[in-house]
>>> print(open('my_file-v8.tsv').read())   # TSV, C-alpha atoms
chain	number	residue	atom	x	y	z
R	1	VAL	CA	-127.67	120.38	-42.86
R	2	ARG	CA	-130.18	117.89	-41.41
R	3	ASP	CA	-133.10	120.06	-42.52
R	4	GLN	CA	-131.74	120.43	-46.05
R	5	ALA	CA	-130.92	116.71	-46.31
R	6	GLY	CA	-134.58	115.98	-45.66
R	7	GLU	CA	-135.63	118.17	-48.59
R	8	LEU	CA	-133.11	118.10	-51.44
R	9	CYS	CA	-129.45	117.06	-51.56
R	10	HIS	CA	-128.58	117.26	-55.24
R	11	VAL	CA	-129.93	118.79	-58.41
R	12	SER	CA	-128.35	119.28	-61.83
R	13	ASN	CA	-126.50	122.55	-62.33
R	14	LEU	CA	-128.77	123.14	-65.30
R	15	TYR	CA	-131.15	124.51	-62.67
R	16	HIS	CA	-130.90	127.25	-60.07
R	17	THR	CA	-131.47	126.59	-56.39
R	18	PRO	CA	-132.16	129.25	-53.78
R	19	GLN	CA	-129.35	127.98	-51.57
R	20	GLN	CA	-126.77	128.41	-54.34
R	21	ALA	CA	-128.08	131.79	-55.45
R	22	THR	CA	-128.15	133.11	-51.88
R	23	LEU	CA	-124.57	132.02	-51.24
R	24	ALA	CA	-123.35	133.56	-54.50
R	25	ARG	CA	-125.01	136.85	-53.60
R	26	LYS	CA	-123.40	136.87	-50.14
R	27	LEU	CA	-119.94	136.14	-51.53
R	28	CYS	CA	-120.22	138.91	-54.10
R	29	GLU	CA	-121.65	141.48	-51.73
R	30	SER	CA	-118.80	140.85	-49.27
R	31	SER	CA	-116.02	141.21	-51.82
R	32	PHE	CA	-114.80	142.75	-55.08
R	33	ALA	CA	-116.55	140.05	-57.12
R	34	ASP	CA	-119.49	140.26	-59.51
R	35	ARG	CA	-119.85	136.53	-60.24
R	36	VAL	CA	-119.07	133.19	-58.57
R	37	PHE	CA	-118.35	129.74	-59.97
R	38	PHE	CA	-118.82	126.89	-57.49
R	39	CYS	CA	-116.73	123.73	-57.34
R	40	ASN	CA	-115.78	121.13	-54.72
R	41	SER	CA	-112.28	121.94	-53.42
R	42	GLY	CA	-109.46	124.44	-53.42
R	43	ALA	CA	-107.54	122.63	-56.13
R	44	GLU	CA	-110.65	122.66	-58.33
R	45	ALA	CA	-111.06	126.37	-57.67
R	46	ASN	CA	-107.52	127.03	-58.84
R	47	GLU	CA	-108.02	124.82	-61.90
R	48	GLY	CA	-111.08	126.90	-62.74
R	49	ALA	CA	-109.13	130.11	-62.28
R	50	ILE	CA	-106.50	128.84	-64.72
R	51	LYS	CA	-109.16	128.20	-67.37
R	52	PHE	CA	-110.90	131.52	-66.79
R	53	ALA	CA	-107.64	133.46	-67.05
R	54	ARG	CA	-106.60	131.72	-70.26
R	55	LYS	CA	-109.97	132.27	-71.90
R	56	TYR	CA	-109.92	135.92	-70.85
R	57	ALA	CA	-106.39	136.35	-72.25
R	58	ARG	CA	-107.45	134.81	-75.56
R	59	LEU	CA	-110.31	137.27	-75.92
R	60	ARG	CA	-108.34	140.23	-74.56
R	61	THR	CA	-105.73	139.81	-77.27
R	62	ASN	CA	-108.41	139.20	-79.91
R	63	PHE	CA	-106.41	136.15	-80.94
R	64	ASP	CA	-109.19	134.30	-82.76
R	65	ALA	CA	-110.96	137.28	-84.31
R	66	ASN	CA	-107.96	139.16	-85.74
R	67	TRP	CA	-107.26	137.03	-88.81
R	68	GLU	CA	-104.13	138.83	-90.01
R	69	GLN	CA	-102.54	138.95	-86.59
R	70	GLY	CA	-103.60	135.36	-85.99
R	71	LEU	CA	-101.92	134.28	-89.22
R	72	LEU	CA	-98.72	136.12	-88.24
R	73	ASP	CA	-98.83	134.51	-84.81
R	74	LYS	CA	-99.18	131.08	-86.42
R	75	ILE	CA	-96.24	131.74	-88.77
R	76	LEU	CA	-94.13	132.87	-85.82
R	77	ARG	CA	-95.51	130.00	-83.72
R	78	ARG	CA	-96.96	132.41	-81.21
R	79	GLY	CA	-100.22	132.02	-79.36
R	80	PRO	CA	-102.33	133.96	-76.91
R	81	PRO	CA	-100.94	134.52	-73.42
R	82	THR	CA	-100.97	131.16	-71.63
R	83	LYS	CA	-98.23	131.37	-68.99
R	84	PHE	CA	-98.74	131.98	-65.29
R	85	VAL	CA	-96.61	133.46	-62.56
R	86	SER	CA	-96.55	131.88	-59.12
R	87	PHE	CA	-94.08	132.25	-56.28
R	88	GLU	CA	-91.48	130.33	-54.37
R	89	ARG	CA	-92.88	128.46	-51.35
R	90	SER	CA	-96.41	128.65	-52.81
R	91	PHE	CA	-99.00	125.90	-52.57
R	92	HIS	CA	-102.05	125.83	-54.84
R	93	GLY	CA	-103.17	122.19	-54.91
R	94	ARG	CA	-102.37	118.71	-56.18
R	95	THR	CA	-104.30	118.44	-59.45
R	96	MET	CA	-102.25	118.86	-62.60
R	97	GLY	CA	-102.69	122.58	-63.24
R	98	ALA	CA	-102.66	123.59	-59.58
R	99	LEU	CA	-99.65	121.34	-59.04
R	100	GLN	CA	-97.77	123.16	-61.77
R	101	LEU	CA	-98.32	126.40	-59.84
R	102	THR	CA	-97.10	124.82	-56.59
R	103	TYR	CA	-93.47	125.33	-55.62
R	104	LYS	CA	-92.23	122.14	-53.95
R	105	LYS	CA	-90.51	119.85	-56.43
R	106	GLN	CA	-91.23	116.70	-54.43
R	107	TYR	CA	-94.94	117.24	-55.08
R	108	LYS	CA	-94.42	117.70	-58.82
R	109	THR	CA	-91.54	115.56	-60.03
R	110	PRO	CA	-93.28	112.14	-59.84
R	111	PHE	CA	-96.06	113.40	-62.13
R	112	ALA	CA	-94.13	115.36	-64.76
R	113	PRO	CA	-94.81	116.61	-67.35
R	114	LEU	CA	-97.55	118.78	-65.92
R	115	MET	CA	-99.61	121.57	-67.49
R	116	ALA	CA	-98.46	122.82	-70.87
R	117	GLY	CA	-98.02	126.55	-71.39
R	118	GLY	CA	-95.46	127.26	-68.72
R	119	ILE	CA	-95.14	128.59	-65.20
R	120	GLU	CA	-92.64	131.12	-63.95
R	121	SER	CA	-91.93	130.51	-60.26
R	122	LEU	CA	-90.48	133.77	-58.96
R	123	PRO	CA	-89.09	134.88	-55.59
R	124	PHE	CA	-91.91	135.87	-53.22
R	125	GLY	CA	-91.88	139.66	-52.99
R	126	ASP	CA	-89.63	140.34	-56.01
R	127	LEU	CA	-91.50	142.92	-58.08
R	128	ASP	CA	-88.60	143.43	-60.50
R	129	ALA	CA	-88.72	139.76	-61.49
R	130	VAL	CA	-92.49	139.97	-61.92
R	131	ALA	CA	-92.18	143.08	-64.08
R	132	ARG	CA	-89.68	141.44	-66.42
R	133	THR	CA	-91.86	138.37	-66.80
R	134	LEU	CA	-95.19	140.17	-67.30
R	135	ARG	CA	-93.75	142.61	-69.82
R	136	SER	CA	-92.91	139.68	-72.09
R	137	GLY	CA	-96.59	139.77	-73.06
R	138	ASN	CA	-97.28	136.06	-72.72
R	139	VAL	CA	-98.61	135.88	-69.15
R	140	ALA	CA	-102.31	135.21	-68.59
R	141	GLY	CA	-102.33	135.56	-64.82
R	142	VAL	CA	-100.42	135.92	-61.55
R	143	PHE	CA	-101.29	133.55	-58.70
R	144	VAL	CA	-100.37	134.64	-55.19
R	145	GLU	CA	-101.39	133.79	-51.63
R	146	PRO	CA	-101.69	137.04	-49.65
R	147	VAL	CA	-100.44	134.97	-46.71
R	148	GLN	CA	-98.57	131.79	-47.56
R	149	GLY	CA	-99.62	128.91	-45.33
R	150	GLU	CA	-97.71	125.82	-46.37
R	151	GLY	CA	-94.84	128.06	-47.44
R	152	GLY	CA	-94.13	128.85	-43.80
R	153	VAL	CA	-96.80	131.36	-42.68
R	154	LEU	CA	-95.33	134.23	-44.66
R	155	ALA	CA	-97.41	137.37	-45.13
R	156	SER	CA	-97.05	139.56	-48.20
R	157	ASP	CA	-96.23	143.19	-47.59
R	158	ALA	CA	-98.61	145.81	-48.90
R	159	ALA	CA	-96.13	147.25	-51.41
R	160	PHE	CA	-95.74	143.83	-53.05
R	161	LEU	CA	-99.47	143.22	-53.56
R	162	LYS	CA	-100.04	146.80	-54.71
R	163	GLY	CA	-97.13	146.44	-57.11
R	164	LEU	CA	-98.62	143.24	-58.51
R	165	ARG	CA	-101.91	145.06	-59.05
R	166	GLU	CA	-100.18	147.86	-60.94
R	167	LEU	CA	-98.16	145.47	-63.12
R	168	CYS	CA	-101.23	143.42	-63.98
R	169	ASP	CA	-103.12	146.59	-64.91
R	170	GLU	CA	-100.21	147.66	-67.08
R	171	THR	CA	-99.84	144.35	-68.94
R	172	GLY	CA	-103.40	142.98	-68.98
R	173	ALA	CA	-102.61	139.88	-66.94
R	174	LEU	CA	-105.15	138.90	-64.30
R	175	LEU	CA	-104.29	139.10	-60.61
R	176	ILE	CA	-105.48	135.93	-58.84
R	177	PHE	CA	-105.50	135.63	-55.06
R	178	ASP	CA	-105.51	132.11	-53.62
R	179	GLU	CA	-107.26	132.49	-50.26
R	180	VAL	CA	-108.08	128.82	-49.78
R	181	GLN	CA	-106.16	128.76	-46.50
R	182	CYS	CA	-105.79	132.40	-45.50
R	183	GLY	CA	-109.28	133.65	-46.36
R	184	LEU	CA	-112.77	133.53	-44.79
R	185	GLY	CA	-111.82	135.02	-41.45
R	186	ARG	CA	-108.60	133.08	-40.86
R	187	CYS	CA	-106.43	136.21	-40.81
R	188	GLY	CA	-108.84	138.40	-38.85
R	189	ALA	CA	-110.63	139.94	-41.85
R	190	LEU	CA	-113.23	138.20	-43.97
R	191	TRP	CA	-110.79	138.12	-46.90
R	192	ALA	CA	-107.07	138.29	-46.22
R	193	HIS	CA	-106.43	140.79	-49.04
R	194	GLN	CA	-108.85	143.29	-47.52
R	195	THR	CA	-106.22	144.24	-44.95
R	196	TYR	CA	-103.96	145.33	-47.84
R	197	ASP	CA	-106.48	147.50	-49.73
R	198	VAL	CA	-105.75	145.65	-52.98
R	199	GLU	CA	-108.39	143.94	-55.13
R	200	PRO	CA	-107.75	140.92	-57.36
R	201	ASP	CA	-109.54	140.02	-60.59
R	202	ILE	CA	-110.13	136.46	-59.37
R	203	LEU	CA	-110.12	134.92	-55.89
R	204	THR	CA	-110.24	131.24	-54.97
R	205	THR	CA	-111.65	129.92	-51.70
R	206	ALA	CA	-112.70	126.56	-50.33
R	207	LYS	CA	-111.65	124.87	-47.08
R	208	PRO	CA	-113.76	126.52	-44.37
R	209	LEU	CA	-116.73	127.71	-46.40
R	210	ALA	CA	-119.09	124.81	-45.67
R	211	GLY	CA	-117.77	123.81	-42.25
R	212	GLY	CA	-116.21	120.54	-43.38
R	213	LEU	CA	-118.41	119.67	-46.36
R	214	PRO	CA	-116.71	119.77	-49.79
R	215	ILE	CA	-117.02	123.11	-51.51
R	216	GLY	CA	-114.88	125.54	-53.45
R	217	ALA	CA	-115.59	128.82	-55.18
R	218	VAL	CA	-114.01	131.07	-57.77
R	219	LEU	CA	-114.94	134.72	-57.27
R	220	MET	CA	-114.37	136.98	-60.27
R	221	LYS	CA	-114.99	140.38	-61.77
R	222	GLN	CA	-117.59	140.74	-64.50
R	223	LYS	CA	-114.98	141.11	-67.25
R	224	VAL	CA	-113.69	137.62	-66.45
R	225	ALA	CA	-117.17	136.11	-66.30
R	226	ASP	CA	-118.00	137.71	-69.64
R	227	ALA	CA	-115.16	135.76	-71.27
R	228	MET	CA	-116.79	132.44	-70.42
R	229	SER	CA	-119.57	130.84	-72.44
R	230	ALA	CA	-122.06	128.18	-71.41
R	231	GLY	CA	-120.30	124.84	-71.39
R	232	ASP	CA	-116.77	126.26	-71.10
R	233	HIS	CA	-116.53	124.88	-67.57
R	234	GLY	CA	-118.75	122.88	-65.25
R	235	SER	CA	-118.96	120.53	-62.26
R	236	THR	CA	-121.60	117.90	-61.53
R	237	PHE	CA	-121.80	118.20	-57.76
R	238	ALA	CA	-120.64	121.80	-57.29
R	239	GLY	CA	-122.86	124.23	-55.45
R	240	GLY	CA	-125.48	121.65	-54.54
R	241	PRO	CA	-128.29	122.63	-52.18
R	242	LEU	CA	-126.97	120.58	-49.25
R	243	VAL	CA	-123.46	122.00	-49.21
R	244	CYS	CA	-124.71	125.53	-49.95
R	245	ALA	CA	-127.16	125.35	-47.06
R	246	ALA	CA	-124.21	124.60	-44.78
R	247	ALA	CA	-122.08	127.29	-46.42
R	248	ASN	CA	-124.75	129.95	-45.96
R	249	TYR	CA	-124.84	129.22	-42.24
R	250	VAL	CA	-121.05	129.22	-41.93
R	251	PHE	CA	-120.69	132.41	-43.96
R	252	ASP	CA	-123.23	134.27	-41.85
R	253	THR	CA	-121.25	133.29	-38.75
R	254	VAL	CA	-117.71	134.10	-39.91
R	255	SER	CA	-118.63	137.33	-41.71
R	256	ALA	CA	-120.11	138.96	-38.59
R	257	PRO	CA	-117.89	141.89	-37.50
R	258	ALA	CA	-117.92	140.79	-33.86
R	259	PHE	CA	-116.76	137.29	-34.86
R	260	LEU	CA	-113.92	138.68	-36.97
R	261	SER	CA	-112.84	140.98	-34.15
R	262	GLU	CA	-112.62	137.96	-31.86
R	263	VAL	CA	-110.47	136.09	-34.39
R	264	GLN	CA	-108.06	139.02	-34.48
R	265	ARG	CA	-108.02	139.31	-30.70
R	266	LYS	CA	-107.37	135.60	-30.26
R	267	GLY	CA	-104.68	135.64	-32.93
R	268	ASP	CA	-102.92	138.53	-31.22
R	269	ALA	CA	-103.19	136.72	-27.87
R	270	LEU	CA	-101.80	133.49	-29.32
R	271	GLN	CA	-98.77	135.23	-30.80
R	272	THR	CA	-98.12	137.34	-27.71
R	273	LYS	CA	-98.31	134.35	-25.37
R	274	LEU	CA	-96.12	132.22	-27.65
R	275	ARG	CA	-93.43	134.89	-27.77
R	276	ALA	CA	-93.47	135.25	-23.99
R	277	LYS	CA	-93.44	131.50	-23.33
R	278	LEU	CA	-90.78	130.69	-25.92
R	279	GLU	CA	-88.41	133.52	-25.04
R	280	GLY	CA	-84.97	132.17	-24.26
R	281	ILE	CA	-85.66	128.62	-25.44
R	282	PRO	CA	-82.88	127.49	-27.79
R	283	GLY	CA	-83.81	127.00	-31.41
R	284	VAL	CA	-86.76	129.42	-31.63
R	285	VAL	CA	-86.15	131.96	-34.37
R	286	GLU	CA	-89.46	133.81	-34.69
R	287	VAL	CA	-93.19	133.76	-34.04
R	288	ARG	CA	-95.18	135.25	-36.91
R	289	GLY	CA	-98.63	135.20	-38.48
R	290	ARG	CA	-101.89	136.93	-39.25
R	291	GLY	CA	-104.98	136.33	-37.14
R	292	LEU	CA	-105.26	132.63	-36.32
R	293	LEU	CA	-102.73	131.55	-38.95
R	294	VAL	CA	-99.54	131.40	-36.87
R	295	GLY	CA	-96.08	129.96	-37.43
R	296	VAL	CA	-93.17	129.30	-35.11
R	297	GLN	CA	-89.90	129.37	-37.05
R	298	LEU	CA	-87.28	126.99	-35.65
R	299	ASP	CA	-83.64	126.48	-36.52
R	300	ARG	CA	-84.25	122.73	-36.89
R	301	PRO	CA	-86.95	120.36	-38.22
R	302	ALA	CA	-90.32	120.95	-36.56
R	303	GLY	CA	-91.59	117.39	-37.06
R	304	PRO	CA	-90.34	116.12	-33.68
R	305	VAL	CA	-92.04	119.09	-31.99
R	306	CYS	CA	-95.36	118.20	-33.63
R	307	GLU	CA	-94.97	114.58	-32.55
R	308	SER	CA	-94.16	115.56	-28.97
R	309	MET	CA	-97.18	117.89	-28.83
R	310	ARG	CA	-99.44	115.09	-30.03
R	311	THR	CA	-98.16	112.35	-27.74
R	312	GLU	CA	-97.48	114.39	-24.61
R	313	SER	CA	-100.21	117.07	-24.70
R	314	ASN	CA	-102.87	115.83	-27.13
R	315	VAL	CA	-102.43	119.01	-29.18
R	316	LEU	CA	-102.27	118.74	-32.97
R	317	ALA	CA	-100.05	120.86	-35.21
R	318	ILE	CA	-98.28	120.41	-38.54
R	319	THR	CA	-95.10	121.63	-40.17
R	320	ALA	CA	-94.69	124.19	-42.94
R	321	GLY	CA	-91.98	125.87	-44.97
R	322	ALA	CA	-88.92	123.66	-45.33
R	323	GLY	CA	-90.20	121.53	-42.46
R	324	ASP	CA	-88.73	123.98	-39.95
R	325	VAL	CA	-91.91	125.92	-39.16
R	326	LEU	CA	-94.51	124.81	-36.64
R	327	ARG	CA	-97.85	125.80	-38.20
R	328	LEU	CA	-100.77	126.53	-35.87
R	329	VAL	CA	-104.15	126.80	-37.58
R	330	PRO	CA	-106.70	126.37	-34.77
R	331	PRO	CA	-110.48	126.52	-35.12
R	332	LEU	CA	-111.72	130.10	-35.34
R	333	ILE	CA	-113.88	129.38	-32.28
R	334	ILE	CA	-110.92	128.41	-30.10
R	335	SER	CA	-111.31	129.54	-26.50
R	336	ASP	CA	-108.81	131.52	-24.44
R	337	ALA	CA	-108.30	128.48	-22.21
R	338	GLU	CA	-107.51	126.35	-25.27
R	339	ILE	CA	-105.02	128.97	-26.45
R	340	ASP	CA	-103.24	128.69	-23.10
R	341	THR	CA	-103.20	124.89	-23.40
R	342	ALA	CA	-101.73	125.12	-26.92
R	343	VAL	CA	-99.04	127.62	-25.87
R	344	ASP	CA	-98.01	125.40	-22.95
R	345	ALA	CA	-97.87	122.38	-25.28
R	346	VAL	CA	-95.68	124.20	-27.79
R	347	ALA	CA	-93.26	125.38	-25.11
R	348	LYS	CA	-93.06	121.94	-23.54
R	349	ALA	CA	-92.41	120.23	-26.88
R	350	VAL	CA	-89.87	122.77	-28.14
R	351	THR	CA	-87.96	122.46	-24.87
R	352	ALA	CA	-88.11	118.65	-24.86
R	353	THR	CA	-86.80	118.39	-28.43
R	354	ALA	CA	-84.10	121.08	-28.21
>>> encode(input="my_file-v8.tsv", output="structure tokens")
Amino acid sequence: VRDQAGELCHVSNLYHTPQQATLARKLCESSFADRVFFCNSGAEANEGAIKFARKYARLRTNFDANWEQGLLDKILRRGPPTKFVSFERSFHGRTMGALQLTYKKQYKTPFAPLMAGGIESLPFGDLDAVARTLRSGNVAGVFVEPVQGEGGVLASDAAFLKGLRELCDETGALLIFDEVQCGLGRCGALWAHQTYDVEPDILTTAKPLAGGLPIGAVLMKQKVADAMSAGDHGSTFAGGPLVCAAANYVFDTVSAPAFLSEVQRKGDALQTKLRAKLEGIPGVVEVRGRGLLVGVQLDRPAGPVCESMRTESNVLAITAGAGDVLRLVPPLIISDAEIDTAVDAVAKAVTATA
């Protein structure tokens, strides 16, 4: 970052930079994607995915080119597919479109009305509900987190994601994976969906990619990129040389097989030690997670546990779900000694607040 700051920090996106091109190539070569759009955050990435899916749906249905059908649609007050499916307990961001996709009403109600076009929020894992909604013909895309973070550290099962893929193929809707929290090594694979053997049409990522500098990215298949024209979407500061220089370094680190194996090993150790340490303590329902995205389900609010961990052990954690899940999202470079410290802090706090 220091070296790049001494050379070039910002340049208009009218021009290519080697840092941006190199990062785009790495992201595509490591995934299903053929093209990448850069932005500055996870919410921006999801906003971009909304636009890309709607433009793709408009072209897929030939809405503008088919004059007779277009006239009939206008008479019947129909339009191209514009709706989206998201799921209960999901979180996709706090900008207006991403907020519409997000489940919690307390995030949305103060800012209503949100994005026009409609969102169907369906039970997480309910393929029958998804099938009924997609077969209506007015859905542009399905947003899903392979592992829900804020929702309570809830992992999809393979049959659900594979079923979504089949339903999207059947109906023409795009399958969009939000891996802002669960991707880039967090779950023990470079991309969380890779452990399910299911590919999306679009993937959004952000948080860890540049090691703390603001970046987001929308990865997409060529058919989605082909729907977009120059000027359809853009971002002044996205994919600048400074942030991409940092992201290239981070990506090279987290994508190394040995690094990912260590994340999985540490995640397994964290869950195993938590289960052993918390066994028999009143109020602990379950320890669950993928890699180093771990949740402790309690039968009561987890806020007091987080506060006790902070004040008594200098260990930071946050809540998830309905406020009854202790969410542990440690650095991917956490040491074994630090895992032991965290486990002891959790057990101490859960006991003290029982």
>>> atom_distance(input="my_file-v8.tsv", atom1="atom CA of Phe143 of chain R", atom2="atom CA of Ala225 of chain R")
17.8 Å
>>> residues_around(input="my_file-v8.tsv", residues="segment 146-161 of chain R", least_positions_apart="3", cutoff="6 Å", atoms="only C-alpha atoms", output="number ranges by chain")
R: 89-90, 125, 164, 196, 289, 295, 320-321, 325
>>> residues_around(input="my_file-v8.tsv", residues="segment 206-210 of chain R", least_positions_apart="4", cutoff="9 Å", atoms="only C-alpha atoms", output="tab-separated table (two decimals) with C-alpha atoms, in the frame of the given file")
chain	number	residue	atom	x	y	z
R	39	CYS	CA	-116.73	123.73	-57.34
R	40	ASN	CA	-115.78	121.13	-54.72
R	41	SER	CA	-112.28	121.94	-53.42
R	42	GLY	CA	-109.46	124.44	-53.42
R	43	ALA	CA	-107.54	122.63	-56.13
R	45	ALA	CA	-111.06	126.37	-57.67
R	179	GLU	CA	-107.26	132.49	-50.26
R	180	VAL	CA	-108.08	128.82	-49.78
R	181	GLN	CA	-106.16	128.76	-46.50
R	183	GLY	CA	-109.28	133.65	-46.36
R	184	LEU	CA	-112.77	133.53	-44.79
R	214	PRO	CA	-116.71	119.77	-49.79
R	215	ILE	CA	-117.02	123.11	-51.51
R	216	GLY	CA	-114.88	125.54	-53.45
R	217	ALA	CA	-115.59	128.82	-55.18
R	218	VAL	CA	-114.01	131.07	-57.77
R	243	VAL	CA	-123.46	122.00	-49.21
R	244	CYS	CA	-124.71	125.53	-49.95
R	245	ALA	CA	-127.16	125.35	-47.06
R	246	ALA	CA	-124.21	124.60	-44.78
R	247	ALA	CA	-122.08	127.29	-46.42
R	248	ASN	CA	-124.75	129.95	-45.96
R	249	TYR	CA	-124.84	129.22	-42.24
R	250	VAL	CA	-121.05	129.22	-41.93
R	251	PHE	CA	-120.69	132.41	-43.96
>>> closest_residue(input="my_file-v8.tsv", among="R:Gly234, R:Gly303, R:Gly240, R:Gly48", to="Leu203 of chain R", atoms="all atoms listed in the file")
R:Gly48
>>> residues_around(input="my_file-v8.tsv", residues="Val263 of chain R", least_positions_apart="6", cutoff="9 Å", atoms="only C-alpha atoms", output="list in words")
Gly185, Arg186, Cys187, Gly188, Ala189, Gly291, Leu292, Leu332, Ile333 and Ile334 of chain R
>>> atom_distance(input="my_file-v8.tsv", atom1="atom CA of Thr171 of chain R", atom2="atom CA of Lys108 of chain R")
29.0 Å
>>> residues_around(input="my_file-v8.tsv", residues="segment 6-23 of chain R", least_positions_apart="2", cutoff="7 Å", atoms="only C-alpha atoms", output="number ranges by chain")
R: 2-4, 25-27, 236, 239-242, 244-245, 248
>>> atom_distance(input="my_file-v8.tsv", atom1="atom CA of Leu122 of chain R", atom2="atom CA of Tyr103 of chain R")
9.6 Å
>>> axis_aligned_box(input="my_file-v8.tsv", around="segment 298-315 of chain R", padding_each_side="5 Å", output="JSON")
{"center_x": -93.3, "center_y": 119.7, "center_z": -31.4, "size_x": 29.2, "size_y": 24.6, "size_z": 23.6}
>>> closest_residue(input="my_file-v8.tsv", among="R:Lys162, R:Lys348, R:Arg288, R:Arg132", to="Glu312 of chain R", atoms="only C-alpha atoms")
R:Lys348
>>> closest_residue(input="my_file-v8.tsv", among="R:Phe63, R:Phe84, R:Phe111, R:Phe259", to="Ala140 of chain R", atoms="all atoms listed in the file")
R:Phe84
